[in-house]
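Below you'll find the structure, written out as structure tokens, and then a few comments.
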Amino acid sequence: MNETVIAAIDQGTTSTRCMIFDRQGRTRSLAQREHHQTFPRPGWAEQDADEIWRHVQRLVPEALAQAGLDHRQVAALGIANQRETTVVWDRATGRSVAPAITWQDTRTSDIVDDLVAKGATDKVMAVTGLQPRTYFAGPRLRWLLDHRRGLRARAEAGELLFGTMESWLIWNLTGGLDGGVHVTDVTNASRTMLMDLSTGQWDDTMLELLDIPRAGLPSIRSNAEVYGTCVAPLQGVPIAGALGDQQAALFGQTCFQPGDAKCTYGTGAFLLINTGPERPTPGPSVLPTVAYALGDDAPVYAVEGSIAMAGSLVQWLRDALEIIPTAPQIETLARSVDHNGGCYIVPAFSGLYAPRWDQDARGVIVGLTSFVTKAHLARAVLEATAWQTWEVVEAIRRDLGLTLETLRVDGGMTSNHLLMQMLSDVLDASVERPLVSETVCLGAAYAAGLTVGYWSDLATLSHHRHVAAVWRPQMDAAVRKRESTQWNRAVDHALGWVLPPE
Amino acid sequence: MRANVTDVPGAIQSVERAAAVLRILGGAGRPLRLSEIADALDLPKPTIFGLVRTLRDVGFVHQDRATSDYSLGDGIRNLHESGLDPNDLRSHAMNWSDALASRTRLEVHIGFPDPDGARIVHHVFRPGGSVQQLRIGEVLPFHASALGKIMLGFVAGTPSSPRQLERYTPRTLVNRAALDAELHRIRARGWSSEGSELIPGIGALAVPLRGYGGIGVGALAVTGPVEKVFRHAGPPLDTIIRATTETAASISRSLGLHA
């Protein structure tokens with residue numbers, strides 16, 4: 001019973017999971033629970049923060065029981081979370097005062113349009129590094145203060161607390177009403193559009209622009225320090241690490257050197273590349289963000305490109321078109337032909353994210369002829385994910401002069417062998433899958449373990465990393481050139497499709 | 001492994017009823033509600049529910065997402081095709097096979113039967129090894145690999161005996177009687193091994209993967225230097241047998257095997 005472990009919580013979009021890791025960074029157990037999401041209006045997406053907290057209280061003992069451990073053996077707890085999802089709660093009752101507004105929610109478009117109309121774009125970019133978009137948390141907080149009766153007055157009176165999911169969980173885990181610690185971490189804060197990306201502090205100009213009172217904001221902390229000590233169910237365990245989920249995956253993939261990059265392939269895809277200790281200034285196509293800040297060390301930055309549809313396009317083929325019975329069988333169908341038959345699919349179902357950022361783009365299938373079969377469509381679906389990744393990598397190369405030699409991948413789609421080979425082919429880079437696929441939890445565990453000295457340094461963590469598979473490029477350069485031109489031409493057809501209202 | 005049939009029983013009622021459900025769904029010409037099937041067979045709804053649920057889980061019955069009505073599933077129309085897709089198998093097996101590689105410190109293969117041998121459909125590198133190449137798509141000879149031999153022993157649809165027993169190393173089993181004796185041992189103990197039979201110095205251990213009803217659908221193998229798989233001049237290491245067998249049981253459960 002002398003063995004100690006690190007626990008990690010990944011509070012995700014559809015579910016929350018708790019995992020236990022040993023000193024070699026190996027998984028000891030995993031417990032998971034899905035929570036409800038509601039979509040009360042088109043473009044709205046909400047969750048119940050109280051429900052998520054109830055789940056966390058059950059998951060942690062479940063994961064410990066599975067591993068045959070008790071909480072006294074947990075050396076530290078780390079937390080990763082869905083970013084940009086916004087919670088407001090009452091510091092006197094400990095309950096959320098409105099449904100949490102999730103990162104997919106676009107209800108803040110008026111607030112964002114107003115900022116742009118005021119000519120604030122340059123100012124916002126200079127301070128936060130971000131272009132004003134509905135994606136970020138700050139405008140959501142403003143929306144709640146404007147639209148939920150009494151919230152603004154109560155916020156100004158200091159009765160309410162704001163935060164993203166990690167703030168909410170840390171406050172509750174450290175006692176809630178009874179001494180809960182109100183903090184956020186610098187990666188989550190960098191996605192609020194309220195933080196100065198250079199100083200890592202809340203910025204008064206941004207608070208003024210968005211008319212948000214400072215009183216309810218959490219204090220911004222690094223990603224690896226002891227924020228507080230848990231009460232039950234982890235009585236006495238220090239919470240020693242917190243990162244947004246994509247940054248946690250970057251950390252879990254041990255992308256510690258400038259130029260190290262990872263992409264997580266789930267519903268959408270998120271590519272982050274470590275750019276080192278200087279704040280990067282890419283163009284508007286990819287966004288600068290904090291990769292991690294460890295204790296008192298200077299922060300390390302990253303550039304991020306998010307792709308809206310990856311796995312969800314495969315789901316569309318399965319559920320809406322019913323061309324495949326299960327998602328993995330897209331590979332079986334796609335392999336029955338050896339090229340796309342001249343057909344390209346641009347999955348701009350709700351606009352395009354990085355690097356195009358066109359919310360008026362809509363999906364197109366181009367190059368259709370009588371020759372094209374469902375097998376060619378299946379191939380085009382997988383190629384769309386590969387080419388969208390290529391676009392992000394190209395934008396990073398153009399803006400920052402960083403060339404990718406290896407892309408570390410994780411997420412459900414990495415079980416698709418054909419897609420991973422396509423990725424390697426179009427990127428002309430090696431694609432590596434790590435042995436521990438739960439990189440988000442692993443990253444949060446790593447940060448927490450470093451803080452308490454469970455692991456001594458980053459080199460120790462890199463040493464734990466084992467490669468489960470590598471795909472190497474096999475595509476002829478001339479083919480890559482021609483296909484990339486065709487992809488770009490296909491995207492041109494998708495851009496600006498939506499007509500302005502009459 | 002196989003039940004000893006000492007007394008021949010009469011007709012099994014639930015199999016008859018399942019066949020009747022399939023006939024009714026096949027003849028209806030439209031999707032049917034649970035109550036319609038129950039009325040047609042004059043059986044209580046809970047009984048029919050159990051039957052159609054089971055038939056749905058094995059792919060013989062389809063349930064409409066929106067209406068919950070039942071019709072014949074693709075599985076019954078395509079009985080001539082193998083029940084499991086190799087890419088579904090990889091997706092089910094990935095987390096388990098990663099954990100097996102990290103537990104045994106060996107390379108992991110998942111094989112699927114092909115006419116000429118065991119095709120590798122999933123490959124996990126040996127942790128901490130030197131540069132390794134992905135071997136997905138490679139076909140290993142039935143008689144000379146652990147993965148191939150376990151398929152000859154357990155997986156439906158593999159040839160009863162390979163056409164030709166080619167020699168790869170001095171240890172390859174090229175004598176048909178010796179191979180038959182080996183298959184007999186493999187069936188009795190539930191695992192196969194390979195010691196320098198395909199590549200000198202390389203050993204492997206394989207166990208079957210089973211789907212619903214216990215159908216052998218593929219195989220799981222760990223492979224590496226012989227001394228990492230076998231005891232010195234002896235049988236495979238107990239720890240390796242245990243880890244591989246436990247992993248196969250977990251994968252089989254996720255494929256629908258009710259143990």
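Residues in the structure tokens are named by chain (A, B, ... in the order shown) and by number from 1 within that chain; ligands are numbered from 1 in the order shown.
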Using only C-alpha atoms, find the residues of chain A whose closest atom to chain B is at most 12 Å away, then write them as an MDAnalysis selection string.
chainID A and resid 24:30 319:320 324:335 410:418 420:421 430:438 462:472
Which residues are close to Val174 in chain B, i.e. within 8 Å by only C-alpha atoms, leaving aside same-chain residues fewer than 6 positions away? Reply as a PyMOL selection string.
chain B and resi 143+165-167
Backbone DSSP call of alpha helix (DSSP H) for range 113-167 of chain B, listed as a list in words
Ala146, Leu147, Gly148, Lys149, Ile150, Met151, Leu152, Gly153 and Phe154 of chain B
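Counting from CA of Pro139 in chain A, the distance to CA of Phe162 in chain A is 12.4 Å.
Around Gly305 in chain A, within 10 Å and counting only C-alpha atoms, the residues found are Cys263, Ala269, Phe270, Leu271, Leu272, Ile273, Ser285, Val286, Leu287, Pro288, Tyr353, Ala354, Pro355, Gln388, Thr389, Glu391, Val392, Val393, Ala395 and Ile396 of chain A, once anything fewer than 6 positions away on its own chain is removed.
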Surrounding residues of Gly50 in chain B excluding itself and chain neighbours under 5 positions, 12 Å, only C-alpha atoms, as JSON, numbers by chain
{"B": [14, 17, 18, 21, 34, 38, 43, 44, 45, 55, 56, 57]}
Using only N, CA and C atoms, please write the residues we just selected to a file, as a PDB file, in the first residue's frame.
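What landed in part38.pdb:
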```pdb
ATOM      1  N   SER B  14     -36.061 -21.524 -27.950  1.00  0.00           N
ATOM      2  CA  SER B  14     -35.742 -20.135 -28.260  1.00  0.00           C
ATOM      3  C   SER B  14     -35.162 -20.004 -29.666  1.00  0.00           C
ATOM      4  N   ARG B  17     -38.153 -20.014 -31.918  1.00  0.00           N
ATOM      5  CA  ARG B  17     -38.864 -18.720 -31.850  1.00  0.00           C
ATOM      6  C   ARG B  17     -38.097 -17.628 -32.581  1.00  0.00           C
ATOM      7  N   ALA B  18     -36.770 -17.630 -32.450  1.00  0.00           N
ATOM      8  CA  ALA B  18     -35.967 -16.631 -33.144  1.00  0.00           C
ATOM      9  C   ALA B  18     -36.149 -16.776 -34.649  1.00  0.00           C
ATOM     10  N   VAL B  21     -39.431 -15.262 -35.595  1.00  0.00           N
ATOM     11  CA  VAL B  21     -39.378 -13.792 -35.622  1.00  0.00           C
ATOM     12  C   VAL B  21     -38.781 -13.331 -36.952  1.00  0.00           C
ATOM     13  N   LEU B  34     -43.122  -3.957 -31.938  1.00  0.00           N
ATOM     14  CA  LEU B  34     -42.911  -5.090 -31.040  1.00  0.00           C
ATOM     15  C   LEU B  34     -44.234  -5.840 -30.797  1.00  0.00           C
ATOM     16  N   ALA B  38     -45.353  -9.774 -31.353  1.00  0.00           N
ATOM     17  CA  ALA B  38     -45.853 -10.553 -30.229  1.00  0.00           C
ATOM     18  C   ALA B  38     -47.218 -11.155 -30.564  1.00  0.00           C
ATOM     19  N   LEU B  43     -47.175 -14.588 -28.273  1.00  0.00           N
ATOM     20  CA  LEU B  43     -46.256 -14.693 -27.140  1.00  0.00           C
ATOM     21  C   LEU B  43     -46.243 -13.361 -26.393  1.00  0.00           C
ATOM     22  N   PRO B  44     -45.915 -13.382 -25.087  1.00  0.00           N
ATOM     23  CA  PRO B  44     -45.875 -12.130 -24.324  1.00  0.00           C
ATOM     24  C   PRO B  44     -44.792 -11.178 -24.867  1.00  0.00           C
ATOM     25  N   LYS B  45     -45.053  -9.888 -24.753  1.00  0.00           N
ATOM     26  CA  LYS B  45     -44.108  -8.889 -25.272  1.00  0.00           C
ATOM     27  C   LYS B  45     -42.701  -9.012 -24.672  1.00  0.00           C
ATOM     28  N   LEU B  55     -31.369 -10.592 -31.384  1.00  0.00           N
ATOM     29  CA  LEU B  55     -31.197 -10.638 -32.842  1.00  0.00           C
ATOM     30  C   LEU B  55     -30.654  -9.308 -33.362  1.00  0.00           C
ATOM     31  N   ARG B  56     -31.047  -8.222 -32.707  1.00  0.00           N
ATOM     32  CA  ARG B  56     -30.534  -6.918 -33.108  1.00  0.00           C
ATOM     33  C   ARG B  56     -29.029  -6.828 -32.800  1.00  0.00           C
ATOM     34  N   ASP B  57     -28.653  -7.284 -31.608  1.00  0.00           N
ATOM     35  CA  ASP B  57     -27.248  -7.180 -31.203  1.00  0.00           C
ATOM     36  C   ASP B  57     -26.327  -7.989 -32.118  1.00  0.00           C
TER      37      ASP B  57
END
```
